[in-house]
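Just target-v4.txt here, compact mmCIF, C-alpha atoms (C1' of nucleotides):
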# COMPACT_ATOMS: atom_id res chain seq x y z
CA MET A 1 6.12 24.91 -15.96
CA PRO A 2 8.91 26.23 -18.22
CA PRO A 3 10.24 23.59 -20.61
CA MET A 4 13.65 22.65 -19.26
CA ARG A 5 16.07 24.48 -21.47
CA TYR A 6 19.07 24.56 -19.16
CA LYS A 7 21.29 21.78 -17.93
CA ALA A 8 20.33 22.43 -14.31
CA GLY A 9 16.69 21.62 -14.99
CA ILE A 10 17.52 18.28 -16.56
CA GLU A 11 19.78 17.33 -13.70
CA THR A 12 17.14 18.25 -11.16
CA ARG A 13 14.56 16.22 -13.05
CA ASP A 14 16.87 13.21 -12.92
CA LYS A 15 17.50 13.70 -9.22
CA ILE A 16 13.78 13.82 -8.59
CA LEU A 17 13.13 10.64 -10.55
CA ALA A 18 15.98 8.83 -8.83
CA ALA A 19 14.71 9.90 -5.43
CA THR A 20 11.16 8.87 -6.27
CA ARG A 21 12.36 5.49 -7.53
CA LEU A 22 14.37 4.86 -4.39
CA LEU A 23 11.58 5.90 -2.07
CA ILE A 24 8.91 3.78 -3.72
CA ALA A 25 11.26 0.81 -3.70
CA THR A 26 12.23 1.11 -0.05
CA ASP A 27 9.29 2.79 1.68
CA GLY A 28 6.39 2.06 -0.65
CA LEU A 29 3.91 4.50 -2.07
CA GLU A 30 2.72 5.87 1.24
CA GLY A 31 6.23 6.80 2.31
CA THR A 32 6.78 8.64 -0.93
CA THR A 33 5.79 12.19 0.02
CA ILE A 34 6.82 15.43 -1.65
CA LYS A 35 8.86 16.32 1.40
CA ALA A 36 10.67 12.98 1.32
CA ILE A 37 11.35 13.21 -2.40
CA CYS A 38 12.71 16.75 -2.06
CA ASN A 39 14.81 15.74 0.90
CA GLU A 40 16.32 12.79 -0.92
CA ALA A 41 16.91 14.85 -4.05
CA GLY A 42 18.34 17.81 -2.14
CA ILE A 43 15.85 20.32 -3.47
CA LEU A 44 12.78 22.22 -2.28
CA PRO A 45 9.09 21.78 -3.18
CA GLY A 46 9.10 24.81 -5.48
CA SER A 47 11.70 23.14 -7.68
CA PHE A 48 9.71 19.95 -7.81
CA TYR A 49 6.62 21.78 -9.04
CA ASN A 50 8.67 23.72 -11.53
CA LEU A 51 9.37 20.45 -13.32
CA PHE A 52 6.37 18.24 -12.56
CA ASP A 53 2.71 19.13 -12.49
CA SER A 54 1.99 16.76 -9.65
CA LYS A 55 3.40 14.03 -7.48
CA GLU A 56 1.33 11.57 -9.47
CA GLN A 57 3.16 12.57 -12.64
CA ALA A 58 6.57 11.83 -11.16
CA ILE A 59 5.37 8.47 -9.89
CA LEU A 60 3.92 7.61 -13.28
CA SER A 61 7.25 8.38 -14.93
CA VAL A 62 9.01 5.99 -12.60
CA VAL A 63 6.38 3.32 -13.13
CA ARG A 64 6.81 3.65 -16.87
CA GLN A 65 10.57 3.12 -16.43
CA ALA A 66 9.87 0.03 -14.36
CA ILE A 67 7.41 -1.47 -16.82
CA ASP A 68 9.79 -0.87 -19.69
CA ALA A 69 12.59 -2.56 -17.79
CA VAL A 70 10.68 -5.73 -16.85
CA ASP A 71 11.02 -7.33 -20.22
CA PRO A 72 13.56 -5.81 -22.53
CA ASP A 73 12.64 -5.80 -26.19
CA LEU A 74 14.64 -8.91 -26.79
CA ALA A 75 11.42 -10.71 -26.05
CA HIS A 76 9.83 -9.26 -29.14
CA ARG A 77 11.74 -11.51 -31.44
CA GLY A 78 9.19 -14.20 -30.75
CA THR A 79 11.79 -16.92 -30.51
CA ASP A 80 12.45 -16.91 -26.78
CA THR A 81 12.03 -20.09 -24.85
CA LEU A 82 10.21 -20.10 -21.55
CA ALA A 83 13.60 -20.39 -19.89
CA ASP A 84 14.74 -17.22 -21.65
CA LEU A 85 11.75 -15.29 -20.40
CA VAL A 86 12.13 -16.50 -16.84
CA GLU A 87 15.83 -15.83 -16.91
CA ALA A 88 15.25 -12.31 -18.18
CA TYR A 89 12.86 -11.66 -15.31
CA VAL A 90 15.32 -13.00 -12.77
CA ARG A 91 18.11 -10.88 -14.22
CA PHE A 92 15.91 -7.83 -14.08
CA MET A 93 15.21 -8.42 -10.41
CA GLU A 94 18.82 -8.99 -9.53
CA GLU A 95 20.35 -6.21 -11.55
CA ASP A 96 17.69 -3.55 -11.55
CA ASP A 97 16.99 -3.92 -7.89
CA ASN A 98 15.04 -0.75 -7.17
CA LEU A 99 13.07 -0.76 -10.39
CA ALA A 100 12.02 -4.33 -9.69
CA SER A 101 10.75 -3.36 -6.27
CA VAL A 102 8.90 -0.44 -7.83
CA TYR A 103 7.26 -2.75 -10.33
CA ILE A 104 6.04 -5.17 -7.71
CA ARG A 105 4.98 -2.57 -5.18
CA ILE A 106 2.98 -0.60 -7.72
CA ALA A 107 1.38 -3.67 -9.19
CA PHE A 108 -0.16 -4.42 -5.83
CA SER A 109 -0.06 -1.40 -3.52
CA GLY A 110 -1.23 1.03 -6.12
CA ALA A 111 -3.84 -1.29 -7.44
CA ASN A 112 -6.59 1.11 -6.47
CA ASN A 113 -5.38 4.04 -8.48
CA SER A 114 -7.14 3.80 -11.81
CA ASP A 115 -4.31 5.18 -13.91
CA LEU A 116 -1.67 2.88 -12.48
CA ARG A 117 -4.03 -0.07 -12.41
CA GLY A 118 -4.80 0.18 -16.10
CA ARG A 119 -1.18 0.50 -17.08
CA VAL A 120 -0.04 -2.42 -14.97
CA LEU A 121 -2.89 -4.67 -16.05
CA ARG A 122 -2.31 -4.02 -19.71
CA HIS A 123 1.36 -4.84 -19.29
CA HIS A 124 0.53 -8.00 -17.42
CA GLN A 125 -1.67 -9.20 -20.28
CA GLY A 126 1.12 -8.79 -22.79
CA ARG A 127 3.50 -10.55 -20.49
CA VAL A 128 1.25 -13.57 -20.09
CA GLY A 129 0.78 -13.65 -23.86
CA ARG A 130 4.49 -13.85 -24.44
CA PHE A 131 4.88 -16.64 -21.89
CA ALA A 132 2.00 -18.54 -23.47
CA ALA A 133 3.51 -18.21 -26.93
CA ALA A 134 6.82 -19.58 -25.68
CA MET A 135 5.01 -22.51 -24.07
CA GLN A 136 3.20 -23.35 -27.26
CA ARG A 137 6.44 -23.22 -29.19
CA SER A 138 7.96 -25.95 -27.05
CA ALA A 139 4.73 -27.90 -26.58
CA PRO A 140 2.66 -27.48 -29.76
CA GLU A 141 0.05 -29.96 -28.55
CA LEU A 142 -1.29 -27.30 -26.14
CA THR A 143 -4.27 -25.27 -27.31
CA THR A 144 -3.88 -21.51 -27.14
CA GLU A 145 -6.26 -21.35 -24.23
CA GLN A 146 -4.46 -24.07 -22.31
CA ALA A 147 -1.17 -22.30 -22.83
CA GLU A 148 -2.66 -19.00 -21.68
CA ARG A 149 -3.95 -20.52 -18.49
CA ARG A 150 -0.72 -22.23 -17.63
CA ALA A 151 1.18 -19.08 -18.47
CA GLU A 152 -1.00 -17.19 -16.04
CA THR A 153 -0.16 -19.70 -13.36
CA LEU A 154 3.54 -19.32 -13.99
CA VAL A 155 3.56 -15.52 -14.19
CA SER A 156 1.48 -15.18 -11.02
CA ALA A 157 3.75 -17.60 -9.22
CA LEU A 158 6.83 -15.71 -10.38
CA ASN A 159 5.25 -12.52 -9.11
CA GLY A 160 4.77 -14.22 -5.79
CA ILE A 161 8.48 -14.99 -5.72
CA ALA A 162 9.33 -11.42 -6.68
CA LEU A 163 7.06 -10.12 -4.01
CA HIS A 164 8.69 -12.20 -1.35
CA ARG A 165 11.98 -10.71 -2.35
CA VAL A 166 10.73 -7.19 -1.82
CA LEU A 167 10.08 -8.15 1.79
CA ASP A 168 13.23 -10.22 2.23
CA PRO A 169 16.17 -8.98 0.14
CA ASP A 170 18.10 -12.20 0.77
CA PHE A 171 15.43 -14.33 -0.85
CA ASP A 172 17.07 -16.34 -3.60
CA VAL A 173 14.92 -15.34 -6.56
CA ALA A 174 16.99 -17.18 -9.14
CA TRP A 175 16.77 -20.52 -7.37
CA HIS A 176 13.05 -20.38 -6.69
CA ALA A 177 12.25 -19.17 -10.19
CA ARG A 178 14.23 -22.06 -11.63
CA VAL A 179 12.29 -24.53 -9.51
CA LEU A 180 8.99 -23.17 -10.80
CA LEU A 181 10.24 -23.34 -14.36
CA GLU A 182 11.51 -26.89 -14.08
CA ASP A 183 8.37 -28.11 -12.36
CA ALA A 184 6.24 -26.58 -15.08
CA ALA A 185 8.44 -27.95 -17.83
CA ALA A 186 8.49 -31.46 -16.38
CA VAL A 187 4.75 -31.75 -16.79
CA THR A 188 4.07 -30.20 -20.17
CA MET B 1 -11.97 3.63 27.33
CA PRO B 2 -14.60 2.02 29.56
CA PRO B 3 -14.63 -1.77 29.40
CA MET B 4 -17.68 -2.68 27.32
CA ARG B 5 -20.20 -3.81 29.85
CA TYR B 6 -23.38 -3.21 27.87
CA LYS B 7 -24.76 -4.97 24.85
CA ALA B 8 -24.64 -1.79 22.77
CA GLY B 9 -20.88 -1.53 23.16
CA ILE B 10 -20.31 -5.07 21.97
CA GLU B 11 -22.52 -4.57 18.94
CA THR B 12 -20.75 -1.36 18.02
CA ARG B 13 -17.40 -3.06 18.35
CA ASP B 14 -18.53 -5.77 15.96
CA LYS B 15 -19.82 -3.20 13.50
CA ILE B 16 -16.50 -1.39 13.60
CA LEU B 17 -14.52 -4.57 12.99
CA ALA B 18 -16.78 -5.61 10.13
CA ALA B 19 -16.46 -2.19 8.52
CA THR B 20 -12.69 -2.21 8.93
CA ARG B 21 -12.45 -5.69 7.44
CA LEU B 22 -14.55 -4.72 4.44
CA LEU B 23 -12.64 -1.51 3.82
CA ILE B 24 -9.20 -3.07 3.98
CA ALA B 25 -10.35 -5.83 1.65
CA THR B 26 -11.86 -3.55 -0.95
CA ASP B 27 -9.96 -0.27 -0.69
CA GLY B 28 -6.70 -1.30 0.91
CA LEU B 29 -5.05 0.24 3.93
CA GLU B 30 -4.89 3.76 2.59
CA GLY B 31 -8.62 3.86 1.95
CA THR B 32 -9.30 2.73 5.48
CA THR B 33 -9.77 6.04 7.30
CA ILE B 34 -11.62 6.70 10.53
CA LYS B 35 -14.25 8.60 8.63
CA ALA B 36 -14.77 5.71 6.19
CA ILE B 37 -14.95 3.17 9.00
CA CYS B 38 -17.46 5.25 10.92
CA ASN B 39 -19.49 5.81 7.81
CA GLU B 40 -19.62 2.13 6.97
CA ALA B 41 -20.41 1.21 10.56
CA GLY B 42 -23.03 3.93 10.95
CA ILE B 43 -21.40 5.57 13.95
CA LEU B 44 -19.37 8.70 14.76
CA PRO B 45 -15.71 9.11 15.66
CA GLY B 46 -16.50 9.58 19.34
CA SER B 47 -17.94 6.08 19.47
CA PHE B 48 -14.96 4.60 17.69
CA TYR B 49 -12.54 6.05 20.21
CA ASN B 50 -14.72 4.96 23.08
CA LEU B 51 -13.98 1.36 22.10
CA PHE B 52 -10.55 1.46 20.46
CA ASP B 53 -7.47 3.39 21.49
CA SER B 54 -6.41 3.97 17.90
CA LYS B 55 -7.11 3.11 14.32
CA GLU B 56 -4.05 0.88 14.42
CA GLN B 57 -5.63 -1.21 17.14
CA ALA B 58 -8.75 -1.91 15.11
CA ILE B 59 -6.66 -2.85 12.11
CA LEU B 60 -4.53 -5.19 14.21
CA SER B 61 -7.65 -6.92 15.49
CA VAL B 62 -8.79 -7.56 11.94
CA VAL B 63 -5.35 -8.77 10.90
CA ARG B 64 -5.34 -11.19 13.80
CA GLN B 65 -8.68 -12.56 12.60
CA ALA B 66 -7.25 -12.97 9.11
CA ILE B 67 -4.11 -14.75 10.25
CA ASP B 68 -6.11 -17.10 12.43
CA ALA B 69 -8.38 -17.91 9.51
CA VAL B 70 -5.64 -18.73 7.00
CA ASP B 71 -4.92 -22.16 8.35
CA PRO B 72 -7.46 -23.59 10.73
CA ASP B 73 -6.05 -25.66 13.53
CA LEU B 74 -6.76 -28.83 11.63
CA ALA B 75 -3.28 -28.42 10.29
CA HIS B 76 -1.79 -28.92 13.71
CA ARG B 77 -2.45 -32.60 13.67
CA GLY B 78 0.74 -33.01 11.71
CA THR B 79 -0.75 -35.57 9.37
CA ASP B 80 -1.89 -33.31 6.56
CA THR B 81 -0.68 -33.97 3.08
CA LEU B 82 0.55 -31.15 0.89
CA ALA B 83 -2.72 -31.41 -0.99
CA ASP B 84 -4.66 -30.91 2.26
CA LEU B 85 -2.74 -27.75 3.05
CA VAL B 86 -3.17 -26.31 -0.43
CA GLU B 87 -6.82 -27.21 -0.45
CA ALA B 88 -7.33 -25.54 2.92
CA TYR B 89 -5.76 -22.36 1.58
CA VAL B 90 -7.94 -22.42 -1.51
CA ARG B 91 -11.05 -22.97 0.56
CA PHE B 92 -10.10 -20.08 2.81
CA MET B 93 -9.76 -17.79 -0.18
CA GLU B 94 -13.03 -18.85 -1.71
CA GLU B 95 -15.15 -18.91 1.42
CA ASP B 96 -13.63 -16.21 3.55
CA ASP B 97 -13.38 -13.77 0.75
CA ASN B 98 -12.82 -10.50 2.63
CA LEU B 99 -10.51 -11.98 5.24
CA ALA B 100 -8.39 -13.49 2.49
CA SER B 101 -8.04 -10.13 0.82
CA VAL B 102 -7.13 -8.59 4.15
CA TYR B 103 -4.44 -11.22 4.68
CA ILE B 104 -2.85 -10.63 1.30
CA ARG B 105 -3.14 -6.85 1.34
CA ILE B 106 -1.61 -6.55 4.79
CA ALA B 107 1.16 -8.97 4.04
CA PHE B 108 2.38 -6.68 1.29
CA SER B 109 0.90 -3.20 1.62
CA GLY B 110 1.51 -2.97 5.32
CA ALA B 111 4.94 -4.45 5.09
CA ASN B 112 6.51 -1.26 6.35
CA ASN B 113 4.66 -1.08 9.61
CA SER B 114 6.84 -2.87 12.14
CA ASP B 115 4.02 -4.33 14.20
CA LEU B 116 2.18 -5.80 11.25
CA ARG B 117 5.36 -6.88 9.54
CA GLY B 118 6.52 -8.89 12.52
CA ARG B 119 3.20 -10.59 12.96
CA VAL B 120 2.86 -11.51 9.30
CA LEU B 121 6.44 -12.72 8.97
CA ARG B 122 6.20 -14.93 12.01
CA HIS B 123 3.04 -16.47 10.66
CA HIS B 124 4.66 -17.03 7.28
CA GLN B 125 7.52 -18.94 8.89
CA GLY B 126 5.15 -21.33 10.63
CA ARG B 127 3.23 -21.79 7.42
CA VAL B 128 6.33 -22.70 5.44
CA GLY B 129 7.34 -25.10 8.20
CA ARG B 130 4.03 -26.94 7.97
CA PHE B 131 4.31 -27.22 4.19
CA ALA B 132 7.86 -28.49 4.50
CA ALA B 133 6.85 -31.13 7.03
CA ALA B 134 4.09 -32.36 4.74
CA MET B 135 6.57 -32.57 1.87
CA GLN B 136 8.98 -34.62 3.91
CA ARG B 137 6.21 -36.95 4.95
CA SER B 138 5.48 -37.85 1.34
CA ALA B 139 9.09 -37.70 0.17
CA PRO B 140 11.31 -38.81 3.06
CA GLU B 141 14.42 -38.70 0.89
CA LEU B 142 14.37 -34.89 1.10
CA THR B 143 16.58 -33.28 3.71
CA THR B 144 14.89 -30.83 6.03
CA GLU B 145 16.61 -27.97 4.33
CA GLN B 146 15.62 -29.10 0.86
CA ALA B 147 12.03 -29.46 1.97
CA GLU B 148 12.08 -25.99 3.54
CA ARG B 149 13.35 -24.42 0.38
CA ARG B 150 10.84 -26.11 -1.86
CA ALA B 151 8.09 -25.28 0.59
CA GLU B 152 9.10 -21.63 0.38
CA THR B 153 8.82 -21.80 -3.38
CA LEU B 154 5.34 -23.27 -3.20
CA VAL B 155 4.04 -20.91 -0.52
CA SER B 156 5.39 -17.85 -2.32
CA ALA B 157 3.89 -19.04 -5.57
CA LEU B 158 0.54 -19.64 -3.88
CA ASN B 159 0.70 -16.14 -2.46
CA GLY B 160 1.27 -14.87 -5.98
CA ILE B 161 -1.91 -16.65 -7.07
CA ALA B 162 -3.80 -15.25 -4.09
CA LEU B 163 -2.53 -11.79 -4.87
CA HIS B 164 -3.68 -11.97 -8.42
CA ARG B 165 -7.13 -12.82 -7.18
CA VAL B 166 -7.29 -9.71 -5.04
CA LEU B 167 -6.86 -7.70 -8.22
CA ASP B 168 -9.10 -9.88 -10.37
CA PRO B 169 -11.95 -11.48 -8.42
CA ASP B 170 -12.69 -13.84 -11.31
CA PHE B 171 -9.25 -15.41 -11.16
CA ASP B 172 -9.67 -19.14 -10.70
CA VAL B 173 -7.61 -19.70 -7.59
CA ALA B 174 -8.53 -23.36 -7.21
CA TRP B 175 -7.41 -24.27 -10.70
CA HIS B 176 -4.09 -22.44 -10.58
CA ALA B 177 -3.29 -23.70 -7.10
CA ARG B 178 -3.92 -27.25 -8.25
CA VAL B 179 -1.55 -26.78 -11.18
CA LEU B 180 1.20 -25.59 -8.86
CA LEU B 181 0.61 -28.50 -6.53
CA GLU B 182 0.65 -31.09 -9.29
CA ASP B 183 3.74 -29.66 -10.91
CA ALA B 184 5.57 -29.70 -7.61
CA ALA B 185 4.40 -33.22 -6.82
CA ALA B 186 5.38 -34.56 -10.23
CA VAL B 187 9.00 -33.73 -9.58
CA THR B 188 9.60 -34.72 -5.99
C1' DT C 1 -37.75 4.33 39.66
C1' DT C 2 -33.10 5.92 40.26
C1' DC C 3 -28.47 6.68 39.66
C1' DA C 4 -23.79 5.82 38.26
C1' DA C 5 -21.48 4.29 34.58
C1' DA C 6 -21.48 3.16 29.62
C1' DT C 7 -22.23 4.88 25.36
C1' DT C 8 -22.96 8.38 21.73
C1' DA C 9 -22.87 12.85 19.54
C1' DG C 10 -20.48 16.16 17.09
C1' DA C 11 -17.65 20.10 17.16
C1' DA C 12 -12.75 21.23 17.79
C1' DT C 13 -7.53 20.61 17.60
C1' DG C 14 -3.20 19.95 15.69
C1' DG C 15 -0.33 17.98 12.37
C1' DA C 16 0.85 16.24 7.75
C1' DC C 17 0.02 16.51 3.25
C1' DA C 18 -0.04 18.22 -1.82
C1' DC C 19 0.39 22.18 -3.96
C1' DT C 20 1.05 27.63 -4.92
C1' DC C 21 3.37 31.92 -5.36
C1' DA C 22 6.23 36.06 -5.40
C1' DA C 23 10.69 37.21 -4.89
C1' DA C 24 15.65 36.08 -5.45
C1' DT C 25 19.21 33.95 -8.13
C1' DA C 26 21.60 31.47 -11.90
C1' DC C 27 22.18 30.56 -16.51
C1' DT C 28 23.08 31.31 -21.44
C1' DG C 29 22.56 33.32 -26.06
C1' DA C 30 23.47 37.53 -28.19
C1' DT D 1 28.34 42.43 -20.53
C1' DC D 2 23.50 42.27 -20.34
C1' DA D 3 18.78 41.13 -20.94
C1' DG D 4 15.46 37.74 -20.46
C1' DT D 5 14.15 33.40 -19.20
C1' DA D 6 15.00 29.18 -16.44
C1' DT D 7 15.47 27.78 -11.99
C1' DT D 8 15.41 27.92 -6.94
C1' DT D 9 13.81 29.52 -2.70
C1' DG D 10 10.93 29.04 1.34
C1' DA D 11 7.07 30.73 3.42
C1' DG D 12 2.11 30.21 2.84
C1' DT D 13 -2.71 27.87 1.65
C1' DG D 14 -6.33 24.81 2.04
C1' DT D 15 -7.63 20.06 2.79
C1' DC D 16 -7.83 15.78 5.02
C1' DC D 17 -6.46 13.03 8.65
C1' DA D 18 -6.29 10.85 13.51
C1' DT D 19 -7.47 11.97 17.75
C1' DT D 20 -9.66 14.59 21.84
C1' DC D 21 -13.19 16.65 24.60
C1' DT D 22 -17.55 17.90 26.70
C1' DA D 23 -22.09 17.56 26.90
C1' DA D 24 -26.11 14.70 26.02
C1' DT D 25 -28.31 10.28 26.08
C1' DT D 26 -28.95 5.44 27.12
C1' DT D 27 -28.35 1.45 29.81
C1' DG D 28 -29.25 -1.92 33.48
C1' DA D 29 -28.56 -3.25 38.39
C1' DA D 30 -30.49 -2.39 42.77
Can the structure in the file be given as structure tokens, please?
Amino acid sequence: MPPMRYKAGIETRDKILAATRLLIATDGLEGTTIKAICNEAGILPGSFYNLFDSKEQAILSVVRQAIDAVDPDLAHRGTDTLADLVEAYVRFMEEDDNLASVYIRIAFSGANNSDLRGRVLRHHQGRVGRFAAAMQRSAPELTTEQAERRAETLVSALNGIALHRVLDPDFDVAWHARVLLEDAAAVT
Amino acid sequence: MPPMRYKAGIETRDKILAATRLLIATDGLEGTTIKAICNEAGILPGSFYNLFDSKEQAILSVVRQAIDAVDPDLAHRGTDTLADLVEAYVRFMEEDDNLASVYIRIAFSGANNSDLRGRVLRHHQGRVGRFAAAMQRSAPELTTEQAERRAETLVSALNGIALHRVLDPDFDVAWHARVLLEDAAAVT
DNA sequence: TTCAAATTAGAATGGACACTCAAATACTGA
DNA sequence: TCAGTATTTGAGTGTCCATTCTAATTTGAA
């Protein structure tokens, strides 16, 4: 595995990642074979293995992209409202179409693979934490544990919405997400 | 494929279905191989193919069981409240553990297979319809379309909860489902 | 008890898959 | 231009999978 010194290698690597991303998003993990990736990228298996040690490695790269894209670092400021967080998720799903499908498909299809599972679970924890913090900011009477639990409800429900959209591209994510948000807000 | 006249055949068939159900629930579709099924059922491939035409057929049988179990025919009376429907779903998930996991895993992992996809989608439609009807019963000011949309939100969100539980068996489905229900009820 | 049919055993087949490798070609710094 | 390394090629390897087949065994009705 020579270390990509020439332009051609970098371009091929990008083509491979784009192909992998597209395939996971549209066909799921089981449809994402080396042959399919090479086909989509317009290369041959030898080239793939010149740049990646394994299929797993390419998939992990794409998953990392997806996880990074779910909540942009805006959220780190610690001043976002719940509405901001939900809106960011909705925007991600609408704009970063394929990456969003990757995120959802991996979170649940690939849940048996230990590497992927760990990565996704850790990310989910952080995500719930951020939602909980935002809830407490707007409703300080909630204990941390109460906020965590309600945040878990909301995040899981949002994932359900996102999941539905993977199956039905016309599903109006923005509308349904807003309903969940408003319902939750009306109570707290 | 001789037509199961003897007791032994029926027992073997049951063992195969139980093994398939367990494997889909715990390992997902990709872990459900003929070898694994035979292993779990304590038989050999020859016996499997004496009773089923294909692996697909066994899986479809299990999926049919799961779909039938999601909402027992109680719901057909057309007098259920939203709370009844949610409670029935929660009970299904808590009592029929493996079948519930099968339902969720198939709905999303197997979403590429045309046969499974059609079956699951059709079932989902009916399910949303029943939730919408219950909503309209308790809030007659809603138009049919409004009720349908809100029902879709709730059912998707519930599926998100159910999905989370497949990944984390300790997830408190009943509690989170109740939160969703109450939040939705508080608004309408 | 007997016999035809049901059931099981278990090796064998063919295809798809992830991955390897040696040879050919393309690139770029000197 | 040229040498040396990056990159591509495409056929090949071994493994695992679903499925098939034939011979053996078991069943139960008469």
In Å, rounded to a single decimal, give me how far CA of Ala36 (chain B) is from C1' of DT8 (chain C).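 A separation of 17.8 Å between them.
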Compile the contact shell of region 143-145 of chain A as a PDB file with C-alpha atoms, in the frame of the given file: residues with an atom at most 9 Å away, counting all atoms listed in the file, same-chain residues fewer than 6 positions apart removed.
ATOM      1  CA  ALA A 132       2.000 -18.540 -23.470  1.00  0.00           C
ATOM      2  CA  ALA A 133       3.510 -18.210 -26.930  1.00  0.00           C
ATOM      3  CA  GLN A 136       3.200 -23.350 -27.260  1.00  0.00           C
TER       4      GLN A 136
END
Distance of CA of Gly31 (chain B) from CA of Ala157 (chain B), expressed in Å to one decimal place: 27.2 Å
Give me, as JSON lines, each residue of chain B that comes within 6 Å of chain A, together with its shortest interatomic pair and the distance in Å at one decimal, counting all atoms listed in the file, with rows ordered by chain and rising residue number.
{"residue": "B:Ser109", "atom": "CA", "partner": "A:Ser109", "partner_atom": "CA", "distance": 5.5}
{"residue": "B:Thr153", "atom": "CA", "partner": "A:His176", "partner_atom": "CA", "distance": 5.6}
{"residue": "B:Ser156", "atom": "CA", "partner": "A:Gly160", "partner_atom": "CA", "distance": 5.1}
{"residue": "B:Ala157", "atom": "CA", "partner": "A:Ala157", "partner_atom": "CA", "distance": 3.9}
{"residue": "B:Asn159", "atom": "CA", "partner": "A:Gly160", "partner_atom": "CA", "distance": 5.6}
{"residue": "B:Gly160", "atom": "CA", "partner": "A:Gly160", "partner_atom": "CA", "distance": 3.6}
{"residue": "B:Ile161", "atom": "CA", "partner": "A:Ser156", "partner_atom": "CA", "distance": 5.4}
{"residue": "B:His176", "atom": "CA", "partner": "A:Thr153", "partner_atom": "CA", "distance": 5.5}
{"residue": "B:Asp183", "atom": "CA", "partner": "A:Asp183", "partner_atom": "CA", "distance": 5.1}
{"residue": "B:Ala184", "atom": "CA", "partner": "A:Asp183", "partner_atom": "CA", "distance": 5.7}
How would the residues just picked look written out with C-alpha atoms as a compact mmCIF listing (two decimals), in the frame of the given file?
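Generated file (out.txt):
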# COMPACT_ATOMS: atom_id res chain seq x y z
CA SER B 109 0.90 -3.20 1.62
CA THR B 153 8.82 -21.80 -3.38
CA SER B 156 5.39 -17.85 -2.32
CA ALA B 157 3.89 -19.04 -5.57
CA ASN B 159 0.70 -16.14 -2.46
CA GLY B 160 1.27 -14.87 -5.98
CA ILE B 161 -1.91 -16.65 -7.07
CA HIS B 176 -4.09 -22.44 -10.58
CA ASP B 183 3.74 -29.66 -10.91
CA ALA B 184 5.57 -29.70 -7.61
Quick check: residues of chain B within 12 Å of chain C, only C-alpha atoms (C1' of nucleotides), returned as a list in words.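 Close enough to count are Met1, Pro2, Pro3, Met4, Arg5, Tyr6, Lys7, Ala8, Gly9, Ile10, Glu11, Thr12, Arg13, Gly42, Ile43, Leu44, Pro45, Gly46, Ser47, Phe48, Tyr49, Asn50 and Leu51 of chain B.
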Which value, in Å to one decimal, gives the distance between CA of Gln57 (chain A) and CA of Leu17 (chain A)?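 Going from CA of Gln57 (chain A) over to CA of Leu17 (chain A) covers 10.4 Å.
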Generate N, CA, C and O atoms for region 147-155 of chain A and emit them as a short mmCIF file (atom, residue, chain, number, x, y, z; two decimals), keeping the file's coordinate frame.
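Result file result_17.cif:
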data_model
loop_
_atom_site.label_atom_id
_atom_site.label_comp_id
_atom_site.auth_asym_id
_atom_site.auth_seq_id
_atom_site.Cartn_x
_atom_site.Cartn_y
_atom_site.Cartn_z
N ALA A 147 -2.46 -22.97 -23.05
CA ALA A 147 -1.17 -22.30 -22.83
C ALA A 147 -1.36 -21.01 -22.05
O ALA A 147 -0.59 -20.71 -21.12
N GLU A 148 -2.39 -20.25 -22.40
CA GLU A 148 -2.66 -19.00 -21.68
C GLU A 148 -2.86 -19.24 -20.19
O GLU A 148 -2.32 -18.53 -19.34
N ARG A 149 -3.65 -20.25 -19.89
CA ARG A 149 -3.95 -20.52 -18.49
C ARG A 149 -2.71 -20.92 -17.72
O ARG A 149 -2.45 -20.44 -16.62
N ARG A 150 -1.94 -21.80 -18.34
CA ARG A 150 -0.72 -22.23 -17.63
C ARG A 150 0.28 -21.08 -17.52
O ARG A 150 1.02 -20.97 -16.55
N ALA A 151 0.28 -20.24 -18.54
CA ALA A 151 1.18 -19.08 -18.47
C ALA A 151 0.77 -18.17 -17.34
O ALA A 151 1.62 -17.63 -16.61
N GLU A 152 -0.52 -18.02 -17.15
CA GLU A 152 -1.00 -17.19 -16.04
C GLU A 152 -0.57 -17.75 -14.70
O GLU A 152 -0.20 -17.02 -13.79
N THR A 153 -0.63 -19.07 -14.60
CA THR A 153 -0.16 -19.70 -13.36
C THR A 153 1.31 -19.35 -13.12
O THR A 153 1.68 -18.90 -12.02
N LEU A 154 2.10 -19.53 -14.16
CA LEU A 154 3.54 -19.32 -13.99
C LEU A 154 3.86 -17.85 -13.68
O LEU A 154 4.65 -17.56 -12.77
N VAL A 155 3.26 -16.94 -14.42
CA VAL A 155 3.56 -15.52 -14.19
C VAL A 155 3.13 -15.10 -12.79
O VAL A 155 3.85 -14.39 -12.08
#
